[in-house]
Amino acid sequence: MKKALLFPGQGSQVVGMGMEMATQYAAARDVFEEVDSALNEKLSAVIFHGPQNILTMTENAQPAIMATSIAVLRVLQKELGFSVADGASFVAGHSLGEYSALCAAGALSLTDTARLLRVRGKAMQQAVPAGKGAMAALIGADFDVAAAIAAEAAQDEVCCVANDNAAGQVVISGTKTAIERAIEIAKARGVKRAILLEVSAPFHCPLMAPAAGIMTEALSAATIKAPCVPVVANVTAKAESDPSSIRRLLVDQVTGVVRWRESIQYIKAQGVTQVVEIGAGKVLSGLVKRIEAEMEAIAVGLPGDLEAFTKAA
């Protein structure tokens, strides 16, 4: 059985995530302690105890979600003897989850990953003045329909597809006025639902160009090694192993489309039959079942999930 590990992105954060793992397993505690040390603050206290509004701040949510994922992975490695190199054919992550995937595959150190995500979170938050950008989910629209709606709504502003999550679940991003126009156009075209998302910035669109510039500098100073298994990149939806390509694609990802649907289709085409979502929530495993229903998808984020992981191995 060929397996791929998946790592969640922003929106999966919830107060208390990872706490049961950290309470029961030293391997998980060590991860949170290293992230706290890397950031020179007790992010773990916010992760475990909140408040939710502080955890949800982009600069906190991004390293927090990554820390939770890697804590869970380290428990699988320490307690169950799991090896990414031997047990997985690919790793992939949704948006910031791509950094978690790279850390899992040994391309980035945990300390560097935490620091990069803190920089990334701040840069993305500050790229657009508050209230000037927005994102919306178009439920029931495929990529081509969503792209056409976004193009019509743009009217010399920014409005484009940000996340191609699954057939019938596409997210658009851009200026607030253009996104509002897109919602009305979507309704007029009979799209099932068009929902304004509660996000702090318009991610994965050209408005994020200032953040891409900051990440170019931050990533140029980071050590990136060849991953022990290929990473399926968001912006290419194919396997990448060359450190220079990974560095470039992480910059492109800030303004580029998260091609999640195509990424899952790619790993299935490579013979993967089982995916394991590592960390907080079950968003990605749910999307996998919508994209490739015959693939086995499990989520591991709590101590009680370890048995299911063992049985599915």
# chains A, B, ... in the order shown; residues from 1 in each chain; ligands from 1
call {"tool": "residues_around", "arguments": {"residues": "Arg181 (chain A)", "least_positions_apart": "6", "cutoff": "9 Å", "atoms": "only C-alpha atoms", "output": "ChimeraX atom specification"}}
result
/A:150,152-154
call {"tool": "closest_atom_pairs", "arguments": {"of": "region 113-136 of chain A", "to": "region 25-35 of chain A", "cutoff": "9 Å", "atoms": "only C-alpha atoms", "output": "tab-separated table"}}
result
residue	atom	partner	partner_atom	distance
A:Thr113	CA	A:Val35	CA	8.9
A:Ala114	CA	A:Val35	CA	6.1
A:Arg115	CA	A:Val35	CA	8.4
call {"tool": "select_by_dssp", "arguments": {"residues": "region 20-169 of chain A", "states": "strand (DSSP E or B)", "output": "PyMOL selection string"}}
result
chain A and resi 90-93+133-139+159-166+169
call {"tool": "write_last_selection", "arguments": {"atoms": "N, CA and C atoms", "output": "PDB file, in the first residue's frame"}}
result
ATOM      1  N   PHE A  90       4.743  10.117  -0.492  1.00  0.00           N
ATOM      2  CA  PHE A  90       4.689  11.561  -0.715  1.00  0.00           C
ATOM      3  C   PHE A  90       4.231  12.238   0.565  1.00  0.00           C
ATOM      4  N   VAL A  91       4.557  13.528   0.679  1.00  0.00           N
ATOM      5  CA  VAL A  91       3.939  14.395   1.682  1.00  0.00           C
ATOM      6  C   VAL A  91       3.383  15.610   0.948  1.00  0.00           C
ATOM      7  N   ALA A  92       2.336  16.188   1.516  1.00  0.00           N
ATOM      8  CA  ALA A  92       1.734  17.387   0.934  1.00  0.00           C
ATOM      9  C   ALA A  92       1.018  18.152   2.034  1.00  0.00           C
ATOM     10  N   GLY A  93       0.917  19.453   1.876  1.00  0.00           N
ATOM     11  CA  GLY A  93       0.209  20.263   2.861  1.00  0.00           C
ATOM     12  C   GLY A  93      -0.555  21.380   2.195  1.00  0.00           C
ATOM     13  N   GLY A 133      -9.381  43.710   1.697  1.00  0.00           N
ATOM     14  CA  GLY A 133      -9.396  42.453   0.960  1.00  0.00           C
ATOM     15  C   GLY A 133     -10.431  41.507   1.533  1.00  0.00           C
ATOM     16  N   ALA A 134     -10.734  40.458   0.772  1.00  0.00           N
ATOM     17  CA  ALA A 134     -11.714  39.479   1.228  1.00  0.00           C
ATOM     18  C   ALA A 134     -11.528  38.172   0.463  1.00  0.00           C
ATOM     19  N   MET A 135     -12.169  37.118   0.984  1.00  0.00           N
ATOM     20  CA  MET A 135     -12.201  35.828   0.307  1.00  0.00           C
ATOM     21  C   MET A 135     -13.619  35.278   0.396  1.00  0.00           C
ATOM     22  N   ALA A 136     -13.989  34.466  -0.573  1.00  0.00           N
ATOM     23  CA  ALA A 136     -15.318  33.858  -0.563  1.00  0.00           C
ATOM     24  C   ALA A 136     -15.232  32.428  -1.075  1.00  0.00           C
ATOM     25  N   ALA A 137     -16.059  31.566  -0.519  1.00  0.00           N
ATOM     26  CA  ALA A 137     -16.157  30.188  -0.986  1.00  0.00           C
ATOM     27  C   ALA A 137     -17.333  30.069  -1.940  1.00  0.00           C
ATOM     28  N   LEU A 138     -17.081  29.464  -3.083  1.00  0.00           N
ATOM     29  CA  LEU A 138     -18.139  29.209  -4.057  1.00  0.00           C
ATOM     30  C   LEU A 138     -18.451  27.713  -4.000  1.00  0.00           C
ATOM     31  N   ILE A 139     -19.543  27.377  -3.353  1.00  0.00           N
ATOM     32  CA  ILE A 139     -19.923  25.980  -3.154  1.00  0.00           C
ATOM     33  C   ILE A 139     -20.827  25.536  -4.305  1.00  0.00           C
ATOM     34  N   CYS A 159      -9.333  39.896  -8.399  1.00  0.00           N
ATOM     35  CA  CYS A 159     -10.303  38.870  -8.019  1.00  0.00           C
ATOM     36  C   CYS A 159      -9.938  37.610  -8.784  1.00  0.00           C
ATOM     37  N   CYS A 160      -9.547  36.563  -8.077  1.00  0.00           N
ATOM     38  CA  CYS A 160      -9.089  35.348  -8.750  1.00  0.00           C
ATOM     39  C   CYS A 160      -9.277  34.140  -7.852  1.00  0.00           C
ATOM     40  N   VAL A 161      -9.142  32.960  -8.440  1.00  0.00           N
ATOM     41  CA  VAL A 161      -9.217  31.730  -7.663  1.00  0.00           C
ATOM     42  C   VAL A 161      -7.991  31.643  -6.761  1.00  0.00           C
ATOM     43  N   ALA A 162      -8.227  31.323  -5.484  1.00  0.00           N
ATOM     44  CA  ALA A 162      -7.139  31.172  -4.512  1.00  0.00           C
ATOM     45  C   ALA A 162      -6.907  29.709  -4.159  1.00  0.00           C
ATOM     46  N   ASN A 163      -7.994  28.980  -3.909  1.00  0.00           N
ATOM     47  CA  ASN A 163      -7.906  27.568  -3.513  1.00  0.00           C
ATOM     48  C   ASN A 163      -8.846  26.740  -4.373  1.00  0.00           C
ATOM     49  N   ASP A 164      -8.298  25.780  -5.085  1.00  0.00           N
ATOM     50  CA  ASP A 164      -9.118  24.788  -5.788  1.00  0.00           C
ATOM     51  C   ASP A 164      -9.128  23.556  -4.898  1.00  0.00           C
ATOM     52  N   ASN A 165     -10.056  23.534  -3.942  1.00  0.00           N
ATOM     53  CA  ASN A 165     -10.023  22.518  -2.885  1.00  0.00           C
ATOM     54  C   ASN A 165     -10.577  21.179  -3.323  1.00  0.00           C
ATOM     55  N   ALA A 166     -11.677  21.214  -4.065  1.00  0.00           N
ATOM     56  CA  ALA A 166     -12.332  19.994  -4.535  1.00  0.00           C
ATOM     57  C   ALA A 166     -13.361  20.421  -5.567  1.00  0.00           C
ATOM     58  N   GLN A 169     -15.969  23.044  -4.609  1.00  0.00           N
ATOM     59  CA  GLN A 169     -15.514  23.831  -3.457  1.00  0.00           C
ATOM     60  C   GLN A 169     -14.277  24.622  -3.852  1.00  0.00           C
TER      61      GLN A 169
END
call {"tool": "residues_around", "arguments": {"residues": "region 72-79 of chain A", "least_positions_apart": "3", "cutoff": "9 Å", "atoms": "only C-alpha atoms", "output": "list in words"}}
result
Gly18, Met21, Ala22, Tyr25, Ala26, Ala27, Ala28, Val31, Ala67, Thr68, Ser69, Phe82, Ser83, Val84, Ala104, Ile278, Gly279, Val300, Gly301, Leu302, Pro303, Leu306 and Phe309 of chain A
call {"tool": "select_by_dssp", "arguments": {"residues": "region 15-241 of chain A", "states": "alpha helix (DSSP H)", "output": "PyMOL selection string"}}
result
chain A and resi 19-24+26-39+43-49+52-56+58-80+84-87+97-104+110-126+143-154+176-188+209-220
call {"tool": "residues_around", "arguments": {"residues": "Ala130 (chain A)", "least_positions_apart": "2", "cutoff": "12 Å", "atoms": "only C-alpha atoms", "output": "ChimeraX atom specification"}}
result
/A:124-128,132-134,175-176,199-202
call {"tool": "residues_around", "arguments": {"residues": "Val254 (chain A)", "least_positions_apart": "2", "cutoff": "8 Å", "atoms": "only C-alpha atoms", "output": "tab-separated table (two decimals) with N, CA and C atoms, in the first residue's frame"}}
result
chain	number	residue	atom	x	y	z
A	203	PHE	N	-5.73	35.93	1.01
A	203	PHE	CA	-4.59	35.07	0.76
A	203	PHE	C	-4.58	34.53	-0.67
A	204	HIS	N	-3.40	34.14	-1.13
A	204	HIS	CA	-3.21	33.45	-2.42
A	204	HIS	C	-3.80	34.22	-3.60
A	205	CYS	N	-3.46	35.50	-3.66
A	205	CYS	CA	-3.81	36.31	-4.83
A	205	CYS	C	-2.73	37.37	-4.99
A	208	MET	N	-1.05	39.73	-2.35
A	208	MET	CA	-0.05	39.24	-1.40
A	208	MET	C	1.39	39.46	-1.88
A	209	ALA	N	1.57	40.19	-2.97
A	209	ALA	CA	2.92	40.41	-3.52
A	209	ALA	C	3.91	40.96	-2.49
A	211	ALA	N	4.06	40.31	0.63
A	211	ALA	CA	4.44	39.18	1.48
A	211	ALA	C	5.38	38.24	0.73
A	212	ALA	N	5.15	38.08	-0.57
A	212	ALA	CA	6.03	37.23	-1.37
A	212	ALA	C	7.45	37.79	-1.38
A	250	LEU	N	7.83	27.97	-2.78
A	250	LEU	CA	7.27	28.50	-1.54
A	250	LEU	C	7.00	30.00	-1.66
A	251	VAL	N	7.83	30.69	-2.42
A	251	VAL	CA	7.57	32.11	-2.68
A	251	VAL	C	6.36	32.25	-3.61
A	252	ASP	N	6.34	31.46	-4.68
A	252	ASP	CA	5.22	31.52	-5.63
A	252	ASP	C	3.89	31.20	-4.94
A	256	GLY	N	0.06	32.45	-5.37
A	256	GLY	CA	-0.45	31.48	-6.32
A	256	GLY	C	-1.64	30.68	-5.81
call {"tool": "closest_residue", "arguments": {"among": "A:Val158, A:Glu98, A:Val119, A:Gln265", "to": "Ile246 (chain A)", "atoms": "only C-alpha atoms"}}
result
A:Glu98
call {"tool": "closest_residue", "arguments": {"among": "A:Leu108, A:Val276, A:Ile291, A:Ala313", "to": "Gly168 (chain A)", "atoms": "only C-alpha atoms"}}
result
A:Ile291
call {"tool": "residues_around", "arguments": {"residues": "Ile224 (chain A)", "least_positions_apart": "6", "cutoff": "9 Å", "atoms": "only C-alpha atoms", "output": "mmCIF file with N, CA and C atoms, in the first residue's frame"}}
result
data_model
loop_
_atom_site.group_PDB
_atom_site.id
_atom_site.type_symbol
_atom_site.label_atom_id
_atom_site.label_comp_id
_atom_site.auth_asym_id
_atom_site.auth_seq_id
_atom_site.Cartn_x
_atom_site.Cartn_y
_atom_site.Cartn_z
ATOM 1 N N LEU A 102 7.234 19.810 4.558
ATOM 2 C CA LEU A 102 8.682 19.903 4.342
ATOM 3 C C LEU A 102 9.447 19.602 5.619
ATOM 4 N N GLY A 106 12.044 16.326 6.491
ATOM 5 C CA GLY A 106 13.426 16.666 6.792
ATOM 6 C C GLY A 106 14.041 17.740 5.923
ATOM 7 N N ALA A 107 13.236 18.417 5.106
ATOM 8 C CA ALA A 107 13.777 19.475 4.249
ATOM 9 C C ALA A 107 14.027 20.755 5.040
ATOM 10 N N LEU A 108 13.201 20.985 6.071
ATOM 11 C CA LEU A 108 13.347 22.141 6.948
ATOM 12 C C LEU A 108 13.450 21.656 8.388
ATOM 13 N N SER A 109 14.274 22.320 9.197
ATOM 14 C CA SER A 109 14.308 22.011 10.621
ATOM 15 C C SER A 109 13.046 22.561 11.279
ATOM 16 N N PRO A 243 15.913 21.293 -3.688
ATOM 17 C CA PRO A 243 15.804 22.402 -2.737
ATOM 18 C C PRO A 243 15.627 23.776 -3.378
ATOM 19 N N SER A 244 16.305 24.031 -4.494
ATOM 20 C CA SER A 244 16.155 25.343 -5.131
ATOM 21 C C SER A 244 14.751 25.527 -5.695
ATOM 22 N N ILE A 246 12.047 23.997 -4.480
ATOM 23 C CA ILE A 246 11.175 24.129 -3.307
ATOM 24 C C ILE A 246 11.196 25.562 -2.791
ATOM 25 N N ARG A 247 12.373 26.148 -2.714
ATOM 26 C CA ARG A 247 12.513 27.533 -2.239
ATOM 27 C C ARG A 247 11.696 28.488 -3.113
#
call {"tool": "closest_atom_pairs", "arguments": {"of": "region 193-251 of chain A", "to": "region 5-11 of chain A", "cutoff": "10 Å", "atoms": "only C-alpha atoms", "output": "Markdown table"}}
result
| residue | atom | partner | partner_atom | distance |
| --- | --- | --- | --- | --- |
| A:Glu198 | CA | A:Gly11 | CA | 9.7 |
| A:Val199 | CA | A:Gly11 | CA | 8.8 |
| A:Val231 | CA | A:Leu5 | CA | 9.7 |
| A:Val232 | CA | A:Leu6 | CA | 9.8 |
call {"tool": "closest_residue", "arguments": {"among": "A:Ala299, A:Leu116, A:Ala151, A:Val258", "to": "Val171 (chain A)", "atoms": "only C-alpha atoms"}}
result
A:Val258
call {"tool": "decode", "arguments": {"residues": "region 50-82 of chain A", "atoms": "N, CA and C atoms", "output": "PDB file, in the first residue's frame"}}
result
ATOM      1  N   GLY A  50      -5.745  29.186  24.685  1.00  0.00           N
ATOM      2  CA  GLY A  50      -6.353  30.331  24.022  1.00  0.00           C
ATOM      3  C   GLY A  50      -5.884  31.663  24.576  1.00  0.00           C
ATOM      4  N   PRO A  51      -6.676  32.724  24.333  1.00  0.00           N
ATOM      5  CA  PRO A  51      -8.014  32.703  23.744  1.00  0.00           C
ATOM      6  C   PRO A  51      -8.005  32.438  22.228  1.00  0.00           C
ATOM      7  N   GLN A  52      -9.157  32.032  21.719  1.00  0.00           N
ATOM      8  CA  GLN A  52      -9.275  31.658  20.309  1.00  0.00           C
ATOM      9  C   GLN A  52      -8.897  32.810  19.386  1.00  0.00           C
ATOM     10  N   ASN A  53      -9.281  34.039  19.733  1.00  0.00           N
ATOM     11  CA  ASN A  53      -8.993  35.162  18.822  1.00  0.00           C
ATOM     12  C   ASN A  53      -7.498  35.422  18.696  1.00  0.00           C
ATOM     13  N   ILE A  54      -6.737  35.124  19.734  1.00  0.00           N
ATOM     14  CA  ILE A  54      -5.278  35.287  19.659  1.00  0.00           C
ATOM     15  C   ILE A  54      -4.670  34.140  18.863  1.00  0.00           C
ATOM     16  N   LEU A  55      -5.159  32.934  19.085  1.00  0.00           N
ATOM     17  CA  LEU A  55      -4.675  31.784  18.323  1.00  0.00           C
ATOM     18  C   LEU A  55      -4.958  31.956  16.836  1.00  0.00           C
ATOM     19  N   THR A  56      -6.099  32.549  16.498  1.00  0.00           N
ATOM     20  CA  THR A  56      -6.522  32.680  15.102  1.00  0.00           C
ATOM     21  C   THR A  56      -5.737  33.752  14.353  1.00  0.00           C
ATOM     22  N   MET A  57      -5.068  34.651  15.056  1.00  0.00           N
ATOM     23  CA  MET A  57      -4.226  35.640  14.371  1.00  0.00           C
ATOM     24  C   MET A  57      -3.251  34.902  13.458  1.00  0.00           C
ATOM     25  N   THR A  58      -3.146  35.347  12.222  1.00  0.00           N
ATOM     26  CA  THR A  58      -2.382  34.613  11.208  1.00  0.00           C
ATOM     27  C   THR A  58      -0.957  34.304  11.666  1.00  0.00           C
ATOM     28  N   GLU A  59      -0.324  35.254  12.330  1.00  0.00           N
ATOM     29  CA  GLU A  59       1.062  35.050  12.751  1.00  0.00           C
ATOM     30  C   GLU A  59       1.183  33.982  13.824  1.00  0.00           C
ATOM     31  N   ASN A  60       0.096  33.705  14.540  1.00  0.00           N
ATOM     32  CA  ASN A  60       0.078  32.638  15.543  1.00  0.00           C
ATOM     33  C   ASN A  60      -0.457  31.330  14.978  1.00  0.00           C
ATOM     34  N   ALA A  61      -1.524  31.424  14.202  1.00  0.00           N
ATOM     35  CA  ALA A  61      -2.176  30.220  13.679  1.00  0.00           C
ATOM     36  C   ALA A  61      -1.222  29.396  12.820  1.00  0.00           C
ATOM     37  N   GLN A  62      -0.409  30.060  12.000  1.00  0.00           N
ATOM     38  CA  GLN A  62       0.442  29.309  11.078  1.00  0.00           C
ATOM     39  C   GLN A  62       1.486  28.460  11.797  1.00  0.00           C
ATOM     40  N   PRO A  63       2.306  29.031  12.685  1.00  0.00           N
ATOM     41  CA  PRO A  63       3.247  28.148  13.409  1.00  0.00           C
ATOM     42  C   PRO A  63       2.537  27.193  14.362  1.00  0.00           C
ATOM     43  N   ALA A  64       1.359  27.585  14.876  1.00  0.00           N
ATOM     44  CA  ALA A  64       0.642  26.721  15.823  1.00  0.00           C
ATOM     45  C   ALA A  64       0.127  25.456  15.145  1.00  0.00           C
ATOM     46  N   ILE A  65      -0.439  25.603  13.973  1.00  0.00           N
ATOM     47  CA  ILE A  65      -0.957  24.444  13.235  1.00  0.00           C
ATOM     48  C   ILE A  65       0.187  23.520  12.847  1.00  0.00           C
ATOM     49  N   MET A  66       1.289  24.114  12.421  1.00  0.00           N
ATOM     50  CA  MET A  66       2.470  23.310  12.078  1.00  0.00           C
ATOM     51  C   MET A  66       2.988  22.563  13.292  1.00  0.00           C
ATOM     52  N   ALA A  67       3.103  23.253  14.424  1.00  0.00           N
ATOM     53  CA  ALA A  67       3.623  22.619  15.640  1.00  0.00           C
ATOM     54  C   ALA A  67       2.770  21.422  16.042  1.00  0.00           C
ATOM     55  N   THR A  68       1.458  21.581  15.926  1.00  0.00           N
ATOM     56  CA  THR A  68       0.552  20.482  16.282  1.00  0.00           C
ATOM     57  C   THR A  68       0.751  19.292  15.352  1.00  0.00           C
ATOM     58  N   SER A  69       0.882  19.564  14.070  1.00  0.00           N
ATOM     59  CA  SER A  69       1.104  18.479  13.106  1.00  0.00           C
ATOM     60  C   SER A  69       2.399  17.727  13.391  1.00  0.00           C
ATOM     61  N   ILE A  70       3.467  18.470  13.610  1.00  0.00           N
ATOM     62  CA  ILE A  70       4.756  17.814  13.827  1.00  0.00           C
ATOM     63  C   ILE A  70       4.780  17.094  15.168  1.00  0.00           C
ATOM     64  N   ALA A  71       4.082  17.629  16.165  1.00  0.00           N
ATOM     65  CA  ALA A  71       3.988  16.938  17.456  1.00  0.00           C
ATOM     66  C   ALA A  71       3.322  15.569  17.281  1.00  0.00           C
ATOM     67  N   VAL A  72       2.237  15.535  16.516  1.00  0.00           N
ATOM     68  CA  VAL A  72       1.548  14.266  16.256  1.00  0.00           C
ATOM     69  C   VAL A  72       2.462  13.314  15.495  1.00  0.00           C
ATOM     70  N   LEU A  73       3.145  13.838  14.483  1.00  0.00           N
ATOM     71  CA  LEU A  73       4.051  12.995  13.697  1.00  0.00           C
ATOM     72  C   LEU A  73       5.157  12.412  14.568  1.00  0.00           C
ATOM     73  N   ARG A  74       5.727  13.210  15.459  1.00  0.00           N
ATOM     74  CA  ARG A  74       6.813  12.724  16.323  1.00  0.00           C
ATOM     75  C   ARG A  74       6.323  11.613  17.250  1.00  0.00           C
ATOM     76  N   VAL A  75       5.062  11.685  17.672  1.00  0.00           N
ATOM     77  CA  VAL A  75       4.499  10.602  18.486  1.00  0.00           C
ATOM     78  C   VAL A  75       4.395   9.329  17.647  1.00  0.00           C
ATOM     79  N   LEU A  76       3.946   9.457  16.405  1.00  0.00           N
ATOM     80  CA  LEU A  76       3.879   8.286  15.525  1.00  0.00           C
ATOM     81  C   LEU A  76       5.262   7.675  15.334  1.00  0.00           C
ATOM     82  N   GLN A  77       6.257   8.529  15.227  1.00  0.00           N
ATOM     83  CA  GLN A  77       7.622   8.043  15.021  1.00  0.00           C
ATOM     84  C   GLN A  77       8.177   7.387  16.285  1.00  0.00           C
ATOM     85  N   LYS A  78       7.987   8.031  17.426  1.00  0.00           N
ATOM     86  CA  LYS A  78       8.575   7.553  18.678  1.00  0.00           C
ATOM     87  C   LYS A  78       7.830   6.358  19.248  1.00  0.00           C
ATOM     88  N   GLU A  79       6.502   6.431  19.248  1.00  0.00           N
ATOM     89  CA  GLU A  79       5.697   5.406  19.917  1.00  0.00           C
ATOM     90  C   GLU A  79       5.382   4.210  19.018  1.00  0.00           C
ATOM     91  N   LEU A  80       5.233   4.465  17.721  1.00  0.00           N
ATOM     92  CA  LEU A  80       4.834   3.399  16.804  1.00  0.00           C
ATOM     93  C   LEU A  80       5.932   2.986  15.839  1.00  0.00           C
ATOM     94  N   GLY A  81       7.073   3.674  15.911  1.00  0.00           N
ATOM     95  CA  GLY A  81       8.185   3.330  15.033  1.00  0.00           C
ATOM     96  C   GLY A  81       7.962   3.707  13.583  1.00  0.00           C
ATOM     97  N   PHE A  82       7.062   4.664  13.341  1.00  0.00           N
ATOM     98  CA  PHE A  82       6.782   5.061  11.962  1.00  0.00           C
ATOM     99  C   PHE A  82       7.950   5.859  11.386  1.00  0.00           C
TER     100      PHE A  82
END
